[in-house]
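What follows is the content of protein_29.tsv, which has TSV, C-alpha atoms:
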```
chain	number	residue	atom	x	y	z
A	1	MET	CA	-11.77	29.62	-2.46
A	2	SER	CA	-11.31	29.17	-6.20
A	3	LYS	CA	-9.66	26.00	-7.43
A	4	MET	CA	-6.07	26.64	-8.43
A	5	PRO	CA	-4.60	24.97	-11.52
A	6	LYS	CA	-2.10	22.22	-10.75
A	7	LEU	CA	1.50	23.36	-11.10
A	8	LYS	CA	4.01	21.19	-12.88
A	9	ILE	CA	7.32	21.25	-11.07
A	10	ASP	CA	10.34	20.71	-13.31
A	11	ASN	CA	13.93	20.33	-12.24
A	12	SER	CA	17.40	20.20	-13.69
A	13	ILE	CA	18.82	17.60	-11.32
A	14	ARG	CA	20.05	15.32	-14.09
A	15	ALA	CA	21.95	18.15	-15.83
A	16	LEU	CA	23.36	19.39	-12.52
A	17	ARG	CA	24.58	15.90	-11.62
A	18	PHE	CA	26.38	15.77	-14.95
A	19	GLU	CA	27.96	19.18	-14.32
A	20	ALA	CA	29.01	18.07	-10.84
A	21	GLY	CA	31.47	15.51	-12.18
A	22	GLU	CA	28.82	12.94	-13.13
A	23	MET	CA	27.62	12.56	-9.60
A	24	THR	CA	25.65	9.32	-9.32
A	25	GLN	CA	22.03	9.16	-8.21
A	26	ALA	CA	23.15	7.11	-5.20
A	27	GLU	CA	25.68	9.79	-4.20
A	28	LEU	CA	23.11	12.55	-4.42
A	29	ALA	CA	20.59	10.42	-2.54
A	30	ASN	CA	23.16	9.88	0.20
A	31	ARG	CA	23.94	13.59	0.41
A	32	VAL	CA	20.34	14.70	0.74
A	33	GLY	CA	19.17	11.75	2.87
A	34	VAL	CA	16.67	9.99	0.61
A	35	THR	CA	16.64	6.72	-1.32
A	36	ARG	CA	17.96	6.44	-4.88
A	37	GLN	CA	14.38	5.66	-6.01
A	38	THR	CA	13.30	9.09	-4.81
A	39	ILE	CA	16.05	10.77	-6.86
A	40	ILE	CA	14.94	8.72	-9.89
A	41	ALA	CA	11.31	9.77	-9.29
A	42	LEU	CA	12.40	13.43	-8.96
A	43	GLU	CA	14.37	13.32	-12.20
A	44	GLN	CA	11.44	11.73	-14.03
A	45	GLY	CA	9.06	14.37	-12.65
A	46	LYS	CA	7.05	11.69	-10.85
A	47	TYR	CA	7.46	13.24	-7.42
A	48	SER	CA	7.26	16.82	-6.17
A	49	PRO	CA	9.65	17.18	-3.22
A	50	SER	CA	8.95	18.88	0.07
A	51	LEU	CA	10.41	22.37	0.48
A	52	GLU	CA	13.05	20.94	2.83
A	53	LEU	CA	14.19	18.32	0.33
A	54	ALA	CA	14.21	20.89	-2.49
A	55	PHE	CA	16.54	23.11	-0.41
A	56	ARG	CA	18.78	20.16	0.44
A	57	VAL	CA	19.07	19.19	-3.24
A	58	ALA	CA	19.94	22.79	-4.17
A	59	GLN	CA	22.53	22.92	-1.37
A	60	ALA	CA	24.09	19.67	-2.58
A	61	PHE	CA	24.84	21.39	-5.89
A	62	GLY	CA	25.76	24.75	-4.30
A	63	LYS	CA	22.85	26.42	-6.12
A	64	GLU	CA	19.81	28.50	-5.23
A	65	ILE	CA	16.53	26.59	-5.14
A	66	GLY	CA	15.27	28.50	-8.21
A	67	ASP	CA	18.28	27.31	-10.20
A	68	VAL	CA	17.28	23.68	-9.62
A	69	PHE	CA	13.46	23.76	-9.55
A	70	SER	CA	11.02	25.67	-11.72
A	71	CYS	CA	7.29	25.45	-12.19
A	72	SER	CA	4.84	25.83	-15.03
A	73	VAL	CA	1.02	25.73	-15.14
Y	1	MET	CA	11.38	-3.03	-15.39
Y	2	THR	CA	13.27	-2.92	-12.11
Y	3	PHE	CA	11.71	-2.91	-8.68
Y	4	SER	CA	13.07	-1.43	-5.48
Y	5	LYS	CA	13.40	-3.61	-2.40
Y	6	ARG	CA	10.43	-1.83	-0.87
Y	7	GLU	CA	8.23	-2.60	-3.90
Y	8	LYS	CA	9.36	-6.24	-3.85
Y	9	SER	CA	8.53	-6.40	-0.16
Y	10	ILE	CA	5.02	-5.03	-0.80
Y	11	TYR	CA	4.52	-7.55	-3.66
Y	12	ILE	CA	5.56	-10.42	-1.36
Y	13	GLU	CA	3.19	-9.36	1.42
Y	14	LEU	CA	0.36	-8.83	-1.06
Y	15	ILE	CA	0.78	-12.25	-2.70
Y	16	VAL	CA	1.09	-14.05	0.65
Y	17	ASP	CA	-2.02	-12.24	1.95
Y	18	ILE	CA	-4.05	-13.14	-1.16
Y	19	ILE	CA	-3.04	-16.82	-0.96
Y	20	ALA	CA	-3.66	-16.99	2.82
Y	21	ALA	CA	-7.07	-15.30	2.46
Y	22	GLY	CA	-7.92	-17.63	-0.45
Y	23	PHE	CA	-7.12	-20.70	1.65
Y	24	TYR	CA	-9.04	-19.40	4.66
Y	25	PHE	CA	-12.22	-18.42	2.82
Y	26	SER	CA	-12.26	-21.51	0.59
Y	27	PHE	CA	-12.00	-23.63	3.75
Y	28	LEU	CA	-14.73	-21.55	5.38
Y	29	PHE	CA	-17.12	-22.04	2.45
Y	30	SER	CA	-16.36	-25.77	2.36
Y	31	LEU	CA	-17.75	-26.16	5.90
Y	32	SER	CA	-21.24	-27.57	6.19
Y	33	THR	CA	-23.81	-25.10	7.48
Y	34	PRO	CA	-25.15	-24.27	10.00
Y	35	ILE	CA	-21.91	-24.13	11.99
Y	36	ASP	CA	-22.75	-25.07	15.57
Y	37	ASN	CA	-19.27	-24.88	17.02
Y	38	PRO	CA	-17.12	-22.44	15.03
Y	39	LEU	CA	-13.95	-23.04	17.05
Y	40	GLU	CA	-14.21	-26.78	16.52
Y	41	ALA	CA	-15.10	-26.30	12.84
Y	42	LEU	CA	-12.15	-24.06	12.16
Y	43	GLY	CA	-9.85	-26.18	14.29
Y	44	GLY	CA	-6.30	-25.05	13.91
Y	45	THR	CA	-6.80	-23.90	10.31
Y	46	LEU	CA	-6.57	-20.22	11.14
Y	47	LEU	CA	-3.45	-20.79	13.24
Y	48	LYS	CA	-1.87	-22.98	10.53
Y	49	ILE	CA	-2.55	-20.38	7.83
Y	50	THR	CA	-1.10	-17.60	10.01
Y	51	VAL	CA	2.08	-19.56	10.79
Y	52	ALA	CA	2.46	-20.70	7.15
Y	53	SER	CA	2.06	-17.14	5.85
Y	54	ILE	CA	4.71	-15.82	8.29
Y	55	ILE	CA	7.15	-18.57	7.23
Y	56	ALA	CA	6.36	-17.98	3.51
Y	57	THR	CA	6.97	-14.24	3.92
Y	58	ILE	CA	10.36	-14.84	5.59
Y	59	ILE	CA	11.43	-17.37	2.92
Y	60	LEU	CA	10.32	-15.14	0.02
Y	61	HIS	CA	12.04	-12.11	1.58
Y	62	THR	CA	15.27	-14.09	1.94
Y	63	PHE	CA	15.24	-15.44	-1.63
Y	64	ILE	CA	13.88	-12.42	-3.51
Y	65	ILE	CA	15.20	-9.45	-1.54
Y	66	GLY	CA	18.24	-11.01	0.10
Y	67	ALA	CA	19.74	-10.61	3.52
Y	68	ASP	CA	20.11	-6.82	3.31
Y	69	PRO	CA	17.29	-4.98	5.02
Y	70	VAL	CA	14.90	-2.77	3.04
Y	71	GLU	CA	16.25	0.81	3.07
Y	72	ALA	CA	14.86	3.25	5.64
Y	73	GLU	CA	11.73	5.19	4.65
Y	74	ASP	CA	12.24	8.66	3.25
Y	75	GLU	CA	9.64	11.41	2.72
Y	76	ARG	CA	8.35	9.92	-0.56
Y	77	ASP	CA	7.87	6.48	1.00
Y	78	LYS	CA	6.00	8.07	3.91
Y	79	ALA	CA	3.82	10.19	1.60
Y	80	ILE	CA	2.91	7.10	-0.47
Y	81	LYS	CA	2.20	5.10	2.68
Y	82	HIS	CA	-0.07	7.84	4.04
Y	83	ARG	CA	-2.02	8.07	0.77
Y	84	SER	CA	-2.44	4.30	0.43
Y	85	THR	CA	-3.45	3.99	4.11
Y	86	GLN	CA	-6.09	6.64	3.43
Y	87	LEU	CA	-7.41	4.63	0.46
Y	88	GLY	CA	-7.37	1.44	2.55
Y	89	TYR	CA	-9.37	3.27	5.23
Y	90	TYR	CA	-12.02	4.29	2.67
Y	91	ALA	CA	-12.34	0.65	1.59
Y	92	LEU	CA	-12.59	-0.54	5.22
Y	93	PHE	CA	-15.17	2.13	6.03
Y	94	THR	CA	-17.29	1.31	2.96
Y	95	LEU	CA	-17.25	-2.44	3.62
Y	96	ASN	CA	-18.13	-1.93	7.30
Y	97	VAL	CA	-21.06	0.30	6.33
Y	98	ILE	CA	-22.26	-2.49	4.00
Y	99	ILE	CA	-21.86	-5.11	6.76
Y	100	ILE	CA	-23.63	-2.99	9.40
Y	101	GLY	CA	-26.34	-2.01	6.92
Y	102	SER	CA	-26.88	-5.66	6.02
Y	103	ILE	CA	-27.21	-6.62	9.70
Y	104	PHE	CA	-29.66	-3.78	10.35
Y	105	ILE	CA	-31.80	-4.72	7.36
Y	106	ASP	CA	-31.85	-8.37	8.45
Y	107	THR	CA	-32.66	-7.46	12.05
Y	108	PHE	CA	-35.20	-4.67	11.71
Y	109	LEU	CA	-36.68	-4.93	8.24
Y	110	GLU	CA	-38.46	-7.81	6.66
Y	111	ILE	CA	-38.61	-7.28	2.95
Y	112	PRO	CA	-41.48	-9.34	1.49
Y	113	GLY	CA	-40.44	-11.74	-1.21
Y	114	SER	CA	-36.70	-11.19	-0.60
Y	115	GLN	CA	-34.43	-14.05	-1.60
Y	116	PRO	CA	-31.89	-15.55	0.79
Y	117	ARG	CA	-28.46	-14.08	0.13
Y	118	PHE	CA	-25.30	-16.02	-0.81
Y	119	VAL	CA	-23.79	-15.11	2.57
Y	120	ALA	CA	-26.29	-14.35	5.31
Y	121	LEU	CA	-24.81	-12.39	8.20
Y	122	ASP	CA	-27.10	-14.06	10.70
Y	123	THR	CA	-24.64	-15.39	13.29
Y	124	PRO	CA	-21.76	-13.77	15.22
Y	125	PHE	CA	-19.43	-16.22	13.44
Y	126	MET	CA	-20.48	-14.98	10.01
Y	127	ILE	CA	-20.36	-11.34	11.09
Y	128	ALA	CA	-16.84	-11.86	12.46
Y	129	ASN	CA	-15.78	-13.40	9.15
Y	130	ALA	CA	-17.36	-10.54	7.21
Y	131	ILE	CA	-15.24	-8.14	9.28
Y	132	VAL	CA	-12.15	-10.29	8.66
Y	133	PHE	CA	-12.91	-10.08	4.93
Y	134	ALA	CA	-13.25	-6.28	5.19
Y	135	LEU	CA	-9.88	-6.04	6.96
Y	136	ILE	CA	-8.16	-8.23	4.35
Y	137	ALA	CA	-9.77	-6.30	1.46
Y	138	ALA	CA	-8.67	-2.98	3.00
Y	139	GLY	CA	-5.13	-4.35	3.34
Y	140	LEU	CA	-5.17	-5.36	-0.33
Y	141	VAL	CA	-6.41	-1.92	-1.39
Y	142	LYS	CA	-3.57	-0.38	0.63
Y	143	GLY	CA	-0.93	-2.67	-0.90
Y	144	VAL	CA	-2.13	-2.32	-4.49
Y	145	SER	CA	-2.43	1.47	-4.22
Y	146	GLN	CA	1.11	1.64	-2.80
Y	147	LEU	CA	2.43	-0.25	-5.82
Y	148	VAL	CA	0.44	1.93	-8.23
Y	149	LEU	CA	1.68	5.13	-6.55
Y	150	TYR	CA	5.31	3.94	-6.70
Y	151	ARG	CA	4.98	3.27	-10.44
Y	152	ARG	CA	2.71	6.10	-11.53
Y	153	GLY	CA	4.34	8.75	-9.38
Y	154	PHE	CA	3.15	10.83	-6.49
```
Please render this file's structure as C-alpha cells.
Amino acid sequence: MSKMPKLKIDNSIRALRFEAGEMTQAELANRVGVTRQTIIALEQGKYSPSLELAFRVAQAFGKEIGDVFSCSV
Amino acid sequence: MTFSKREKSIYIELIVDIIAAGFYFSFLFSLSTPIDNPLEALGGTLLKITVASIIATIILHTFIIGADPVEAEDERDKAIKHRSTQLGYYALFTLNVIIIGSIFIDTFLEIPGSQPRFVALDTPFMIANAIVFALIAAGLVKGVSQLVLYRRGF
C-alpha cells in the first residue's frame, strides 16, 4: 500500500458561530457534547474530529458536513 | 497562556510524582550498601512518601483547580490519553528490556575487564527498585506527552 499524503482538514466553525448569532464556544461545546477546549482546538486546526463529531457540529449549525469541513493536501 | 483544568491536573500529578520519586531515590542512594534487610532499611519511608504525595495532590487540586471537578473526558481527551499511554508503554518496554538484559549479562556472561556499574542489579531489592524506576519513568513519559499533545495539537 502506497503512503498517502496527510490531509489538512480545515473548517469554518468560527465563521458559522458568528453567523449563528455569535454563538459562544461553550454553547457549541454543550450542543455537540465536547469540552470547550476541543472546540478551541478544532477552530485552531489542532484537532481533526471523528466523523461523528463532524456530523454533530454540522447539525448544530443546520448545515451539511461539507459546508463546515473541507480538506486540502 | 491559559490551561484547562485537565492540563492543570496533569501538571499537578506530574510535579508530585517527580518530587516523590526524587525523595524516594535520594533516600535509597543514601542508604549504606550492601542492604541486608531492605524492609528495615526503607522503614516507613515508602509509606510516608505515598501518603504525603496523596495529601499534596489533594491540596494542590483544591487550591489550583478549585472545588469543581475536572470536566468529563470527550473524544479528544480520550485520543490524547490513548496516544500518551502508548508512548508510556514504549518507555516501560524499553526500560524493562534494559533491566532484563542487564540481569542476563550479569548472570550468564562474564565480560573480562568490565568495570562495576553505578547501579548493579545484583539483588532482588535492586531489581525491584529498577522496575519501580521504570514504572515511574513510563508514568512521566505519559504525563509529559499528554501535555505536549494538548498544546501542540492532535
Quiz item: Residues around (-0.5, -1.6, -1.8), cut-off 9 Å, counting all atoms listed in the file - what are they as a ChimeraX atom specification?
Solution: /Y:10-11,14,81,84-85,88,139-149
Would you write out those residues with C-alpha atoms, as a PDB file, in the coordinates of the input?
```pdb
ATOM      1  CA  ILE Y  10       5.020  -5.030  -0.800  1.00  0.00           C
ATOM      2  CA  TYR Y  11       4.520  -7.550  -3.660  1.00  0.00           C
ATOM      3  CA  LEU Y  14       0.360  -8.830  -1.060  1.00  0.00           C
ATOM      4  CA  LYS Y  81       2.200   5.100   2.680  1.00  0.00           C
ATOM      5  CA  SER Y  84      -2.440   4.300   0.430  1.00  0.00           C
ATOM      6  CA  THR Y  85      -3.450   3.990   4.110  1.00  0.00           C
ATOM      7  CA  GLY Y  88      -7.370   1.440   2.550  1.00  0.00           C
ATOM      8  CA  GLY Y 139      -5.130  -4.350   3.340  1.00  0.00           C
ATOM      9  CA  LEU Y 140      -5.170  -5.360  -0.330  1.00  0.00           C
ATOM     10  CA  VAL Y 141      -6.410  -1.920  -1.390  1.00  0.00           C
ATOM     11  CA  LYS Y 142      -3.570  -0.380   0.630  1.00  0.00           C
ATOM     12  CA  GLY Y 143      -0.930  -2.670  -0.900  1.00  0.00           C
ATOM     13  CA  VAL Y 144      -2.130  -2.320  -4.490  1.00  0.00           C
ATOM     14  CA  SER Y 145      -2.430   1.470  -4.220  1.00  0.00           C
ATOM     15  CA  GLN Y 146       1.110   1.640  -2.800  1.00  0.00           C
ATOM     16  CA  LEU Y 147       2.430  -0.250  -5.820  1.00  0.00           C
ATOM     17  CA  VAL Y 148       0.440   1.930  -8.230  1.00  0.00           C
ATOM     18  CA  LEU Y 149       1.680   5.130  -6.550  1.00  0.00           C
TER      19      LEU Y 149
END
```
Practice problem: Return as a VMD selection string the residues belonging to chain Y that are within 7 Å of chain A, counting only C-alpha atoms. | Solution: chain Y and resid 74 76 153 to 154
Using only C-alpha atoms - which residues lie no farther than 7 Å from the point (-17.7, -17.0, 5.0) in the file's frame? Write them as a compact mmCIF listing (two decimals) with C-alpha atoms, keeping the file's coordinate frame.
```
# COMPACT_ATOMS: atom_id res chain seq x y z
CA PHE Y 25 -12.22 -18.42 2.82
CA LEU Y 28 -14.73 -21.55 5.38
CA PHE Y 29 -17.12 -22.04 2.45
CA VAL Y 119 -23.79 -15.11 2.57
CA MET Y 126 -20.48 -14.98 10.01
CA ASN Y 129 -15.78 -13.40 9.15
CA ALA Y 130 -17.36 -10.54 7.21
```
Quiz prompt | Distance of CA of Arg83 in chain Y from CA of Gly66 in chain A, expressed in Å to one decimal place | solution = 28.2 Å
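Using all atoms listed in the file for every distance, the candidate list Y:His82, Y:Asn37, Y:Ala134, Y:Ala20 yields Y:Ala134 as the residue closest to Ile98 in chain Y.
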